>>> print(open('query-v4.txt').read())   # compact mmCIF, C-alpha atoms and all ligand atoms
# COMPACT_ATOMS: atom_id res chain seq x y z
CA MET A 235 111.07 97.28 125.20
CA THR A 236 113.94 96.83 122.77
CA ARG A 237 114.60 93.26 121.90
CA GLY A 238 117.13 91.62 119.65
CA PRO A 239 116.23 89.51 116.65
CA SER A 240 114.09 86.86 118.23
CA ARG A 241 114.23 83.70 116.22
CA GLY A 242 113.10 80.42 117.60
CA THR A 243 111.96 81.23 121.10
CA GLN A 244 110.31 77.84 121.29
CA SER A 245 110.84 74.84 119.12
CA LEU A 246 108.00 72.69 117.92
CA LYS A 247 109.51 69.77 119.75
CA GLN A 248 109.43 71.67 123.02
CA ALA A 249 105.94 72.91 122.35
CA CYS A 250 104.58 69.45 121.80
CA PHE A 251 106.52 67.25 124.23
CA CYS A 252 107.68 64.95 121.49
CA ALA A 253 111.43 65.44 121.72
CA ASN A 254 112.23 61.91 120.63
CA SER A 255 110.20 61.87 117.45
CA PRO A 256 112.11 61.67 114.22
CA ASP A 257 111.79 64.91 112.25
CA GLN A 258 109.63 63.42 109.60
CA ASP A 259 107.09 62.11 112.11
CA LEU A 260 107.19 65.48 113.79
CA GLU A 261 106.39 67.26 110.58
CA HIS A 262 103.68 64.76 109.80
CA MET A 263 102.09 65.01 113.22
CA LEU A 264 102.21 68.73 113.81
CA TYR A 265 101.55 70.40 110.51
CA SER A 266 98.26 69.99 108.69
CA ALA A 267 98.00 67.64 105.73
CA THR A 268 97.83 70.70 103.48
CA ILE A 269 101.12 72.07 104.80
CA ASN A 270 102.77 68.68 104.31
CA VAL A 271 101.64 68.68 100.68
CA MET A 272 103.03 72.18 100.19
CA VAL A 273 106.34 71.31 101.86
CA LYS A 274 106.78 68.21 99.74
CA ALA A 275 106.13 70.20 96.56
CA ALA A 276 108.50 72.99 97.61
CA ARG A 277 111.29 70.57 98.53
CA ARG A 278 110.94 68.65 95.27
CA ALA A 279 111.01 71.86 93.21
CA GLY A 280 113.92 73.02 95.37
CA ARG A 281 115.99 69.96 94.45
CA SER A 282 115.38 70.74 90.79
CA LEU A 283 116.39 74.39 91.20
CA LYS A 284 119.49 73.44 93.15
CA ARG A 285 120.60 71.07 90.40
CA ASP A 286 120.00 73.82 87.85
CA LEU A 287 121.91 76.36 89.94
CA GLY A 288 124.94 74.10 89.71
CA GLU A 289 124.73 74.30 85.91
CA ILE A 290 124.57 78.08 85.72
CA GLU A 291 128.28 78.66 86.08
CA HIS A 292 128.99 76.53 83.01
CA LEU A 293 126.33 78.37 81.04
CA GLN A 294 127.88 81.80 81.55
CA VAL A 295 130.08 81.11 78.56
CA SER A 296 127.51 79.46 76.33
CA LEU A 297 126.19 81.31 73.27
CA LYS A 298 122.62 81.68 74.41
CA GLY A 299 123.70 82.74 77.87
CA PRO A 300 122.07 81.61 81.07
CA ALA A 301 118.82 83.60 80.83
CA ASN A 302 117.04 80.99 78.71
CA PHE A 303 118.27 78.26 80.98
CA VAL A 304 116.94 80.06 84.04
CA SER A 305 113.59 80.49 82.38
CA LEU A 306 113.55 76.72 81.80
CA ALA A 307 114.57 76.07 85.42
CA ASP A 308 111.68 78.29 86.47
CA LYS A 309 109.19 76.40 84.32
CA ARG A 310 110.48 73.01 85.48
CA ALA A 311 110.10 74.04 89.12
CA GLU A 312 106.57 75.31 88.54
CA GLU A 313 105.56 72.10 86.80
CA ILE A 314 106.85 70.06 89.74
CA VAL A 315 104.92 72.21 92.21
CA TYR A 316 101.79 72.09 90.05
CA GLN A 317 101.92 68.30 89.65
CA ASP A 318 102.32 67.70 93.39
CA LEU A 319 99.62 70.16 94.41
CA ALA A 320 97.15 69.07 91.72
CA LYS A 321 97.63 65.43 92.64
CA ALA A 322 96.91 66.07 96.31
CA ARG A 323 94.11 68.64 95.81
CA PRO A 324 92.72 68.04 92.31
CA GLY A 325 89.93 70.63 92.50
CA TYR A 326 91.92 73.66 93.63
CA GLY A 327 92.67 76.53 91.27
CA PHE A 328 96.28 77.44 90.50
CA ILE A 329 97.95 80.77 89.79
CA GLY A 330 101.63 80.44 88.95
CA GLU A 331 104.11 82.99 87.71
CA GLU A 332 105.07 80.82 84.76
CA GLY A 333 101.86 79.00 83.86
CA GLY A 334 99.24 81.65 84.36
CA THR A 335 95.86 80.82 85.79
CA ARG A 336 94.39 77.33 85.83
CA GLU A 337 90.80 77.25 86.98
CA GLY A 338 89.73 74.57 89.44
CA THR A 339 86.37 72.99 90.14
CA ASP A 340 86.68 74.09 93.77
CA LYS A 341 86.12 77.82 93.43
CA SER A 342 87.01 78.62 97.06
CA HIS A 343 90.62 77.38 97.06
CA THR A 344 93.49 78.68 94.93
CA TRP A 345 97.22 78.03 95.09
CA ILE A 346 99.39 81.07 94.42
CA VAL A 347 102.85 79.94 93.40
CA ASP A 348 106.15 81.58 92.56
CA PRO A 349 108.41 78.68 91.56
CA LEU A 350 111.50 80.89 91.58
CA ASP A 351 111.32 84.16 93.46
CA GLY A 352 114.58 86.07 93.15
CA THR A 353 115.24 85.10 89.55
CA THR A 354 117.97 87.68 89.08
CA ASN A 355 119.81 86.37 92.15
CA PHE A 356 119.50 82.81 90.84
CA LEU A 357 120.85 83.87 87.46
CA HIS A 358 123.88 85.40 89.16
CA GLY A 359 124.46 82.50 91.53
CA ILE A 360 123.45 84.58 94.57
CA PRO A 361 121.88 82.13 97.03
CA GLN A 362 118.89 84.33 97.90
CA PHE A 363 115.95 82.84 96.04
CA ALA A 364 112.96 80.73 96.99
CA ILE A 365 109.92 78.75 96.03
CA SER A 366 106.85 80.44 97.44
CA ILE A 367 103.51 78.65 97.78
CA GLY A 368 100.42 80.28 99.22
CA LEU A 369 96.94 78.84 99.61
CA VAL A 370 94.03 81.26 99.41
CA ARG A 371 90.55 80.35 100.66
CA GLU A 372 87.73 82.76 99.87
CA GLY A 373 90.18 85.61 99.35
CA THR A 374 92.22 84.98 102.52
CA VAL A 375 95.68 83.39 102.60
CA ILE A 376 95.38 80.44 105.00
CA ALA A 377 98.70 78.65 104.45
CA GLY A 378 102.15 79.59 103.20
CA VAL A 379 105.43 77.83 102.55
CA ILE A 380 108.64 79.56 101.45
CA TYR A 381 111.70 77.41 100.80
CA ASN A 382 115.24 78.49 99.94
CA PRO A 383 116.96 75.36 98.64
CA ALA A 384 120.36 77.04 98.66
CA ASN A 385 120.52 77.10 102.48
CA ASP A 386 117.68 74.66 103.18
CA GLU A 387 115.64 77.24 105.10
CA LEU A 388 111.99 76.24 105.16
CA TYR A 389 109.40 78.74 106.36
CA ILE A 390 105.90 77.57 107.19
CA ALA A 391 102.81 79.52 108.24
CA GLU A 392 99.26 78.50 108.80
CA ARG A 393 96.49 80.93 109.69
CA GLY A 394 95.92 80.95 113.42
CA LYS A 395 98.72 78.45 114.09
CA GLY A 396 101.85 80.57 113.85
CA ALA A 397 104.93 80.78 111.65
CA PHE A 398 107.99 78.54 111.75
CA LEU A 399 111.50 78.41 110.32
CA ASN A 400 112.81 74.85 110.27
CA ASP A 401 110.43 74.02 113.14
CA GLN A 402 111.39 77.03 115.26
CA ARG A 403 108.47 79.31 116.05
CA LEU A 404 108.95 82.80 114.65
CA ARG A 405 108.28 86.16 116.21
CA VAL A 406 108.88 89.55 114.59
CA ALA A 407 111.59 91.71 116.16
CA GLY A 408 110.48 93.99 118.97
CA ARG A 409 112.48 97.16 118.27
CA ARG A 410 110.58 100.40 118.69
CA GLN A 411 113.28 102.94 117.80
CA LEU A 412 113.44 103.36 114.05
CA ASN A 413 117.07 104.47 114.30
CA GLU A 414 117.94 100.96 115.61
CA CYS A 415 116.08 99.18 112.81
CA VAL A 416 117.33 97.39 109.71
CA VAL A 417 114.78 97.77 106.95
CA ALA A 418 114.71 96.18 103.51
CA CYS A 419 113.20 97.52 100.33
CA GLY A 420 112.78 96.51 96.71
CA LEU A 421 114.15 98.67 93.93
CA PRO A 422 111.88 99.18 90.93
CA HIS A 423 113.29 97.31 87.96
CA ILE A 424 114.56 98.82 84.76
CA GLY A 425 111.68 100.07 82.65
CA ARG A 426 109.16 99.51 85.46
CA GLY A 427 107.69 101.43 88.33
CA ASP A 428 108.30 105.04 89.33
CA HIS A 429 112.04 105.37 89.97
CA GLU A 430 111.77 108.97 91.16
CA GLU A 431 109.09 108.06 93.68
CA PHE A 432 111.28 105.23 94.95
CA ARG A 433 114.28 107.51 95.37
CA ARG A 434 112.17 109.96 97.41
CA GLU A 435 110.94 107.13 99.63
CA MET A 436 114.39 105.63 100.02
CA THR A 437 115.93 108.96 101.00
CA ALA A 438 113.20 109.62 103.58
CA ILE A 439 113.59 106.19 105.16
CA GLN A 440 117.37 106.08 104.89
CA ASP A 441 117.48 109.25 107.00
CA ARG A 442 115.60 107.51 109.83
CA VAL A 443 116.86 103.90 110.07
CA ALA A 444 120.05 102.16 111.20
CA GLY A 445 120.45 100.37 107.88
CA LEU A 446 118.76 99.79 104.56
CA ARG A 447 118.99 96.49 102.64
CA ARG A 448 117.98 95.24 99.21
CA PHE A 449 118.03 91.46 98.86
CA GLY A 450 116.01 90.89 95.68
CA ALA A 451 113.53 88.17 96.64
CA ALA A 452 110.29 89.55 98.06
CA SER A 453 109.14 86.26 99.60
CA LEU A 454 112.36 85.99 101.61
CA ASP A 455 112.26 89.67 102.61
CA LEU A 456 108.87 88.98 104.20
CA ALA A 457 110.15 85.74 105.74
CA PHE A 458 113.11 87.67 107.21
CA VAL A 459 110.72 90.15 108.82
CA ALA A 460 108.75 87.23 110.28
CA ALA A 461 112.03 85.79 111.59
CA GLY A 462 113.04 89.07 113.25
CA ARG A 463 116.13 89.40 111.06
CA LEU A 464 114.69 92.49 109.44
CA ASP A 465 112.63 95.04 111.36
CA GLY A 466 110.66 96.18 108.34
CA TYR A 467 110.27 95.97 104.58
CA TRP A 468 108.48 97.82 101.82
CA GLU A 469 108.24 97.35 98.08
CA ARG A 470 105.94 98.42 95.26
CA ASP A 471 104.70 96.78 92.09
CA LEU A 472 104.93 93.17 93.21
CA GLN A 473 102.70 90.31 92.13
CA SER A 474 100.43 88.19 94.32
CA TRP A 475 102.75 85.18 94.00
CA ASP A 476 105.70 87.20 95.33
CA ILE A 477 103.92 88.00 98.60
CA ALA A 478 100.95 85.68 99.34
CA ALA A 479 102.88 83.23 101.53
CA GLY A 480 105.15 85.90 103.02
CA MET A 481 102.31 88.15 104.12
CA LEU A 482 100.81 85.31 106.14
CA MET A 483 104.28 84.51 107.53
CA VAL A 484 104.66 88.04 108.92
CA ARG A 485 101.14 88.15 110.34
CA GLU A 486 101.50 84.75 112.00
CA ALA A 487 104.78 85.94 113.53
CA GLY A 488 102.87 88.81 115.14
CA GLY A 489 103.71 91.51 112.58
CA THR A 490 101.58 93.95 110.63
CA VAL A 491 101.33 93.91 106.83
CA THR A 492 99.33 96.39 104.78
CA ASP A 493 99.23 98.18 101.49
CA ILE A 494 101.43 101.27 101.29
CA ALA A 495 98.33 103.31 100.42
CA THR A 496 95.08 103.10 102.27
CA PRO A 497 92.74 101.42 101.72
CA GLY A 498 94.25 98.65 99.66
CA ASP A 499 95.14 94.98 99.58
CA PRO A 500 98.78 94.24 98.68
CA LEU A 501 97.63 91.02 97.02
CA VAL A 502 95.72 93.18 94.55
CA THR A 503 97.88 96.32 94.29
CA GLY A 504 101.32 94.74 94.78
CA HIS A 505 102.40 97.52 97.18
CA VAL A 506 103.43 96.17 100.57
CA VAL A 507 104.83 97.50 103.85
CA CYS A 508 105.38 95.51 107.06
CA GLY A 509 107.10 95.28 110.42
CA ASN A 510 106.07 95.02 114.02
CA GLU A 511 103.11 97.22 114.85
CA TYR A 512 105.33 100.15 115.77
CA VAL A 513 107.82 99.92 112.89
CA HIS A 514 105.01 99.38 110.40
CA GLY A 515 103.28 102.49 111.73
CA GLU A 516 106.43 104.59 111.41
CA LEU A 517 107.21 103.35 107.89
CA VAL A 518 103.65 103.99 106.79
CA LYS A 519 103.80 107.54 108.16
CA ILE A 520 106.92 108.24 106.09
CA LEU A 521 105.68 106.49 102.93
CA ARG A 522 102.24 108.12 102.96
CA ARG A 523 103.57 111.62 103.52
P1 LIG A 601 111.06 87.40 90.59
O1 LIG A 601 112.46 87.17 90.92
O2 LIG A 601 110.20 86.16 90.73
O3 LIG A 601 110.82 88.13 89.30
C1 LIG A 601 112.69 91.91 93.77
O4 LIG A 601 112.53 93.24 94.00
C2 LIG A 601 111.35 91.23 93.71
O5 LIG A 601 110.58 91.76 92.64
C3 LIG A 601 111.45 89.75 93.46
O6 LIG A 601 110.60 89.11 94.35
C4 LIG A 601 111.05 89.60 92.01
O7 LIG A 601 110.44 88.37 91.73
C5 LIG A 601 110.04 90.70 91.86
N1 LIG A 601 109.80 91.17 90.52
C6 LIG A 601 108.60 91.51 90.06
N2 LIG A 601 108.69 91.97 88.80
C7 LIG A 601 109.99 91.90 88.44
C8 LIG A 601 110.74 92.23 87.25
N3 LIG A 601 110.13 92.72 86.18
N4 LIG A 601 112.05 92.02 87.24
C9 LIG A 601 112.67 91.51 88.33
N5 LIG A 601 112.01 91.19 89.46
C10 LIG A 601 110.70 91.37 89.54
CA CA A 602 108.69 86.62 92.30
>>> encode(input="query-v4.txt", output="structure tokens", more="lines below")
Ligand code: 2AM
Ligand code: CA
Amino acid sequence: MTRGPSRGTQSLKQACFCANSPDQDLEHMLYSATINVMVKAARRAGRSLKRDLGEIEHLQVSLKGPANFVSLADKRAEEIVYQDLAKARPGYGFIGEEGGTREGTDKSHTWIVDPLDGTTNFLHGIPQFAISIGLVREGTVIAGVIYNPANDELYIAERGKGAFLNDQRLRVAGRRQLNECVVACGLPHIGRGDHEEFRREMTAIQDRVAGLRRFGAASLDLAFVAAGRLDGYWERDLQSWDIAAGMLMVREAGGTVTDIATPGDPLVTGHVVCGNEYVHGELVKILRR
């Protein structure tokens, strides 16, 4: 069956018969304590990034240029996330794009954090960037929060409990004809990855799909697949913090996420492909050819 983008088939309020609760109570009641901690950290870091985004325009003309400023914005956001998470769960380990690895006393739990995914977009004032926070327990991502402060979109996923965008339950799109699908990819960056390989893959997929997109923030690409906005997505050479939360988001929205090669774990290799079961299967067939 072909189905349109299927965001928000059921709201949390409807699901839980608590239509009159204020949003904050709702959040408090329905999401786990861990998710609430992650959301608070992401929102606080988001306020910091949003303030910094407002400064970028002025910095375009400054001598040092905005790149240093963005790197500071990044570090500030990570520090905020780290402080909030460490305060709430002092023993957990922490892997952040900016701060590297910080061992915890609790060896089974690790936060995986990208304080600013979509740095290039941020630098250019393109409002497609996010804070991504994943929680890994014994090698499995069990919770994920992705927050874009520019449009206030907050994505939440918890293993076994589903995925949500601003309290609306998410479901991946149901299209089964590749030629009706919009698929996103990530371009390898200058000086990195195999550009020739990417061009071969892009050509092969471009020939089969309705439209190709390149948005530049891996966490949001995955969130868009979970939300049914995109039918599929693939990218190579990512880092665990780009995709930890987003992979759970897609799976909890009923989608399939794997490595591009088999066997493999995208969290380890950085190569990821996803979509509904059918679209994922078709993309994998093309990419593994
Ligand atoms: P970043 O913005 O946090 O760096 C875009 O294709 C995706 O690739 C983004 O999620 C981006 O995350 C990530 N990425 C990984 N390595 C990168 C690099 N060297 N330059 C730019 N983006 C990179
Ligand atoms: Ca990133």
>>> closest_residue(input="query-v4.txt", among="A:Val271, A:Leu264, A:Ala301, A:Leu350", to="Lys284 of chain A", atoms="all atoms listed in the file")
A:Leu350
>>> residues_near_ligand(input="query-v4.txt", ligand="ligand CA 602 (chain A)", cutoff="10 Å", atoms="all atoms listed in the file", output="PyMOL selection string")
chain A and resi 330-331+347-354+363-366+450-453+472-477
>>> residues_around(input="query-v4.txt", residues="Pro324 of chain A", least_positions_apart="3", cutoff="9 Å", atoms="only C-alpha atoms", output="compact mmCIF listing (two decimals) with C-alpha atoms, in the frame of the given file")
# COMPACT_ATOMS: atom_id res chain seq x y z
CA LEU A 319 99.62 70.16 94.41
CA ALA A 320 97.15 69.07 91.72
CA LYS A 321 97.63 65.43 92.64
CA GLY A 327 92.67 76.53 91.27
CA GLY A 338 89.73 74.57 89.44
CA THR A 339 86.37 72.99 90.14
CA ASP A 340 86.68 74.09 93.77
>>> atom_distance(input="query-v4.txt", atom1="atom CA of Ala487 of chain A", atom2="atom CA of Val406 of chain A")
5.6 Å
>>> atom_distance(input="query-v4.txt", atom1="atom CA of Arg485 of chain A", atom2="atom CA of Ala275 of chain A")
23.2 Å
>>> atom_distance(input="query-v4.txt", atom1="atom CA of Ser282 of chain A", atom2="atom CA of Glu312 of chain A")
10.2 Å
>>> axis_aligned_box(input="query-v4.txt", around="ligand LIG 601 (chain A)", padding_each_side="5 Å", output="JSON")
{"center_x": 110.6, "center_y": 89.7, "center_z": 90.3, "size_x": 14.1, "size_y": 17.1, "size_z": 18.2}
>>> closest_residue(input="query-v4.txt", among="A:Gly359, A:Gly480, A:Pro422, A:Gly373", to="ligand LIG 601 (chain A)", atoms="all atoms listed in the file")
A:Pro422
>>> closest_residue(input="query-v4.txt", among="A:Leu421, A:Ile346, A:Val507, A:Ala391", to="ligand LIG 601 (chain A)", atoms="only C-alpha atoms and all ligand atoms")
A:Leu421
>>> closest_residue(input="query-v4.txt", among="A:Gly427, A:Gly420, A:Gly515, A:Gly489", to="ligand LIG 601 (chain A)", atoms="all atoms listed in the file")
A:Gly420
